[in-house]
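The structure file run10.pdb is reproduced below (PDB, C-alpha atoms, pLDDT in the B column).
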```
ATOM      1  CA  MET A   1      60.772 148.701  35.856  1.00 93.00           C
ATOM      2  CA  LYS A   2      59.079 151.944  34.797  1.00 96.00           C
ATOM      3  CA  LYS A   3      60.211 154.735  32.523  1.00 97.00           C
ATOM      4  CA  LEU A   4      59.443 158.243  33.728  1.00 98.00           C
ATOM      5  CA  TYR A   5      59.175 161.435  31.716  1.00 98.00           C
ATOM      6  CA  VAL A   6      60.838 164.324  33.556  1.00 98.00           C
ATOM      7  CA  GLY A   7      60.048 167.756  32.153  1.00 97.00           C
ATOM      8  CA  ASN A   8      60.791 171.413  32.896  1.00 97.00           C
ATOM      9  CA  LEU A   9      64.429 170.654  33.720  1.00 97.00           C
ATOM     10  CA  PRO A  10      66.843 173.519  34.311  1.00 95.00           C
ATOM     11  CA  TRP A  11      69.214 173.946  31.353  1.00 91.00           C
ATOM     12  CA  SER A  12      72.237 173.400  33.601  1.00 92.00           C
ATOM     13  CA  VAL A  13      71.212 170.013  35.050  1.00 94.00           C
ATOM     14  CA  SER A  14      73.381 167.005  34.190  1.00 94.00           C
ATOM     15  CA  GLU A  15      72.413 163.357  33.943  1.00 96.00           C
ATOM     16  CA  ARG A  16      74.462 162.754  37.108  1.00 97.00           C
ATOM     17  CA  ASP A  17      72.455 165.456  38.951  1.00 96.00           C
ATOM     18  CA  LEU A  18      69.189 163.905  37.812  1.00 96.00           C
ATOM     19  CA  GLU A  19      70.296 160.397  38.767  1.00 97.00           C
ATOM     20  CA  GLY A  20      71.289 161.577  42.248  1.00 97.00           C
ATOM     21  CA  TYR A  21      67.946 163.286  42.750  1.00 97.00           C
ATOM     22  CA  PHE A  22      65.866 160.286  41.653  1.00 97.00           C
ATOM     23  CA  ALA A  23      68.031 157.832  43.633  1.00 97.00           C
ATOM     24  CA  THR A  24      66.407 159.294  46.764  1.00 97.00           C
ATOM     25  CA  PHE A  25      63.140 157.665  45.636  1.00 97.00           C
ATOM     26  CA  GLY A  26      64.441 154.230  44.564  1.00 96.00           C
ATOM     27  CA  GLU A  27      66.863 152.292  42.389  1.00 97.00           C
ATOM     28  CA  VAL A  28      67.710 154.157  39.177  1.00 97.00           C
ATOM     29  CA  GLN A  29      68.581 152.014  36.144  1.00 97.00           C
ATOM     30  CA  SER A  30      69.191 154.715  33.537  1.00 97.00           C
ATOM     31  CA  VAL A  31      68.960 158.451  32.939  1.00 97.00           C
ATOM     32  CA  ALA A  32      68.848 160.316  29.631  1.00 97.00           C
ATOM     33  CA  ILE A  33      68.514 164.056  29.102  1.00 97.00           C
ATOM     34  CA  ILE A  34      67.336 164.830  25.575  1.00 96.00           C
ATOM     35  CA  THR A  35      69.515 167.294  23.687  1.00 95.00           C
ATOM     36  CA  ASP A  36      69.127 169.334  20.522  1.00 93.00           C
ATOM     37  CA  ARG A  37      70.786 167.572  17.573  1.00 93.00           C
ATOM     38  CA  GLU A  38      72.383 170.723  16.202  1.00 94.00           C
ATOM     39  CA  THR A  39      73.505 172.562  19.332  1.00 92.00           C
ATOM     40  CA  GLY A  40      73.877 169.725  21.853  1.00 90.00           C
ATOM     41  CA  ARG A  41      72.004 171.865  24.390  1.00 93.00           C
ATOM     42  CA  SER A  42      69.431 170.296  26.699  1.00 93.00           C
ATOM     43  CA  ARG A  43      65.845 170.462  25.439  1.00 95.00           C
ATOM     44  CA  GLY A  44      64.619 170.697  29.035  1.00 96.00           C
ATOM     45  CA  PHE A  45      63.313 167.162  29.451  1.00 97.00           C
ATOM     46  CA  GLY A  46      64.548 163.635  29.886  1.00 97.00           C
ATOM     47  CA  PHE A  47      63.742 160.109  30.959  1.00 97.00           C
ATOM     48  CA  VAL A  48      64.554 158.096  34.082  1.00 98.00           C
ATOM     49  CA  GLU A  49      64.123 154.326  34.334  1.00 98.00           C
ATOM     50  CA  MET A  50      63.721 152.951  37.828  1.00 97.00           C
ATOM     51  CA  ASP A  51      62.109 150.223  39.911  1.00 96.00           C
ATOM     52  CA  ASP A  52      58.296 150.260  40.067  1.00 96.00           C
ATOM     53  CA  ALA A  53      57.964 151.268  43.728  1.00 97.00           C
ATOM     54  CA  GLY A  54      60.569 154.018  43.381  1.00 97.00           C
ATOM     55  CA  ALA A  55      58.932 155.309  40.194  1.00 97.00           C
ATOM     56  CA  ASP A  56      55.529 155.516  41.875  1.00 97.00           C
ATOM     57  CA  ARG A  57      57.084 157.343  44.813  1.00 97.00           C
ATOM     58  CA  ALA A  58      58.950 159.739  42.494  1.00 97.00           C
ATOM     59  CA  ILE A  59      55.757 160.596  40.611  1.00 97.00           C
ATOM     60  CA  ALA A  60      53.904 161.251  43.862  1.00 97.00           C
ATOM     61  CA  GLU A  61      56.657 163.263  45.544  1.00 97.00           C
ATOM     62  CA  ALA A  62      58.687 164.957  42.780  1.00 97.00           C
ATOM     63  CA  ASP A  63      55.965 166.173  40.404  1.00 97.00           C
ATOM     64  CA  GLY A  64      55.625 169.921  40.925  1.00 97.00           C
ATOM     65  CA  ARG A  65      58.552 170.104  43.371  1.00 96.00           C
ATOM     66  CA  ASP A  66      61.245 172.717  42.856  1.00 96.00           C
ATOM     67  CA  PHE A  67      64.446 171.425  41.262  1.00 94.00           C
ATOM     68  CA  GLY A  68      67.088 174.003  40.405  1.00 91.00           C
ATOM     69  CA  GLY A  69      64.549 176.815  40.544  1.00 93.00           C
ATOM     70  CA  ARG A  70      61.951 175.131  38.314  1.00 95.00           C
ATOM     71  CA  PRO A  71      58.931 172.966  39.185  1.00 97.00           C
ATOM     72  CA  LEU A  72      59.516 169.462  37.783  1.00 97.00           C
ATOM     73  CA  ARG A  73      56.927 167.622  35.713  1.00 97.00           C
ATOM     74  CA  VAL A  74      57.172 163.904  36.457  1.00 98.00           C
ATOM     75  CA  ASN A  75      54.875 161.209  35.087  1.00 96.00           C
ATOM     76  CA  GLN A  76      55.050 157.776  33.543  1.00 96.00           C
ATOM     77  CA  ALA A  77      56.420 157.969  30.010  1.00 94.00           C
ATOM     78  CA  ARG A  78      54.059 157.018  27.204  1.00 88.00           C
ATOM     79  CA  GLU A  79      55.037 155.250  24.017  1.00 81.00           C
ATOM     80  CA  ARG A  80      55.686 157.615  21.166  1.00 75.00           C
ATOM     81  CA  ALA A  81      52.859 157.704  18.618  1.00 74.00           C
ATOM     82  CA  PRO A  82      53.823 156.243  15.247  1.00 76.00           C
ATOM     83  CA  ARG A  83      54.803 158.858  12.722  1.00 69.00           C
ATOM     84  CA  GLY A  84      53.191 159.148   9.313  1.00 67.00           C
ATOM     85  CA  GLU A  85      54.854 157.927   6.165  1.00 63.00           C
ATOM     86  CA  GLY A  86      57.277 160.313   4.520  1.00 59.00           C
ATOM     87  CA  GLY A  87      58.381 163.661   5.811  1.00 59.00           C
ATOM     88  CA  PHE A  88      55.477 165.780   4.661  1.00 59.00           C
ATOM     89  CA  GLY A  89      52.557 164.888   6.887  1.00 59.00           C
ATOM     90  CA  GLY A  90      51.923 161.339   5.794  1.00 57.00           C
ATOM     91  CA  ARG A  91      50.306 160.045   2.654  1.00 59.00           C
ATOM     92  CA  ARG A  92      50.285 162.356  -0.337  1.00 55.00           C
ATOM     93  CA  ARG A  93      47.278 162.825  -2.549  1.00 56.00           C
ATOM     94  CA  TYR A  94      47.719 163.723  -6.185  1.00 55.00           C
TER      95      TYR A  94
END
```
Rewritten as structure tokens:
Amino acid sequence: MKKLYVGNLPWSVSERDLEGYFATFGEVQSVAIITDRETGRSRGFGFVEMDDAGADRAIAEADGRDFGGRPLRVNQARERAPRGEGGFGGRRRY
């Protein structure tokens, strides 16, 4: 199972649309489009989890391909870097 980052999504795309598109490459386990907390509007990227062979095929065939008038960016998702302590850029010095 691999998690893919999918960027440059059209604002109008739904999770169902994205799942249908990636199902052509392999078995899709989950789809999540990231939305703005305040407005609920798509932020233009999301994540798709799918079987390893399908994920490799999706990266090779979907990256750069037109989807809803925009070229998709598809690659394997990376773990998020740990954030610093506190909300003001990490450790404070006094």
Report, as lines of an AutoDock Vina configuration file, the centre and edge lengths in Å (one decimal) of the axis-aligned box enclosing every listed atom of range 56-70 of chain A, padded by 3 Å on each side.
```
center_x = 60.5
center_y = 166.2
center_z = 41.9
size_x = 19.2
size_y = 27.3
size_z = 13.2
```
**OP:** Evaluate the PyMOL selection byres ((chain A and resi 7) around 6) here and jot the selected residues down as an NGL selection string.
**Re:** :A and (6 or 8-9 or 45 or 72-73)
Taking the file as shown, find all residues satisfying the PyMOL selection byres ((chain A and resi 12) around 12) and write them as an mmCIF file with C-alpha atoms, in the frame of the given file.
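Everything below was put into part31.cif:
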```cif
data_model
loop_
_atom_site.group_PDB
_atom_site.id
_atom_site.type_symbol
_atom_site.label_atom_id
_atom_site.label_comp_id
_atom_site.auth_asym_id
_atom_site.auth_seq_id
_atom_site.Cartn_x
_atom_site.Cartn_y
_atom_site.Cartn_z
ATOM 1 C CA ASN A 8 60.791 171.413 32.896
ATOM 2 C CA LEU A 9 64.429 170.654 33.720
ATOM 3 C CA PRO A 10 66.843 173.519 34.311
ATOM 4 C CA TRP A 11 69.214 173.946 31.353
ATOM 5 C CA VAL A 13 71.212 170.013 35.050
ATOM 6 C CA SER A 14 73.381 167.005 34.190
ATOM 7 C CA GLU A 15 72.413 163.357 33.943
ATOM 8 C CA ARG A 16 74.462 162.754 37.108
ATOM 9 C CA ASP A 17 72.455 165.456 38.951
ATOM 10 C CA LEU A 18 69.189 163.905 37.812
ATOM 11 C CA ILE A 33 68.514 164.056 29.102
ATOM 12 C CA THR A 35 69.515 167.294 23.687
ATOM 13 C CA ARG A 41 72.004 171.865 24.390
ATOM 14 C CA SER A 42 69.431 170.296 26.699
ATOM 15 C CA ARG A 43 65.845 170.462 25.439
ATOM 16 C CA GLY A 44 64.619 170.697 29.035
ATOM 17 C CA PHE A 45 63.313 167.162 29.451
ATOM 18 C CA PHE A 67 64.446 171.425 41.262
ATOM 19 C CA GLY A 68 67.088 174.003 40.405
ATOM 20 C CA GLY A 69 64.549 176.815 40.544
ATOM 21 C CA ARG A 70 61.951 175.131 38.314
#
```
Subject >> CA of Arg37 in chain A to CA of Met50 in chain A, straight-line distance in Å >> reply: 26.0 Å
Original post:
Residues at most 10 Å from Ala58 in chain A, counting all atoms listed in the file, excluding those fewer than 3 positions away in the same chain, as a list of chain:residue names?
Top reply: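 Surrounding residues, per the criterion: A:Leu4, A:Tyr21, A:Phe22, A:Ala23, A:Thr24, A:Phe25, A:Gly26, A:Met50, A:Asp52, A:Ala53, A:Gly54, A:Ala55, A:Glu61, A:Ala62, A:Asp63, A:Val74, A:Asn75, A:Gln76.
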**OP:** Find the distance between CA of Glu27 in chain A and CA of Arg78 in chain A and write it in Å to one decimal.
**Re:**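 About the pair CA of Glu27 in chain A and CA of Arg78 in chain A: they are 20.4 Å apart.
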Original post:
Given the file above and the PyMOL selection byres ((chain A and resi 3) around 7), which residues are selected, and can you give them as number ranges by chain?
Top reply: A: 1-2, 4-5, 47-50, 76-77
Original post:
Just how far from CA of Asp56 in chain A is CA of Val31 in chain A, in Å to one decimal?
Top reply: 16.4 Å
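Proximity to Asp51 in chain A was assessed for A:Gly20, A:Thr39, A:Gln29, A:Gly64 counting only C-alpha atoms; the smallest distance is recorded for A:Gln29.
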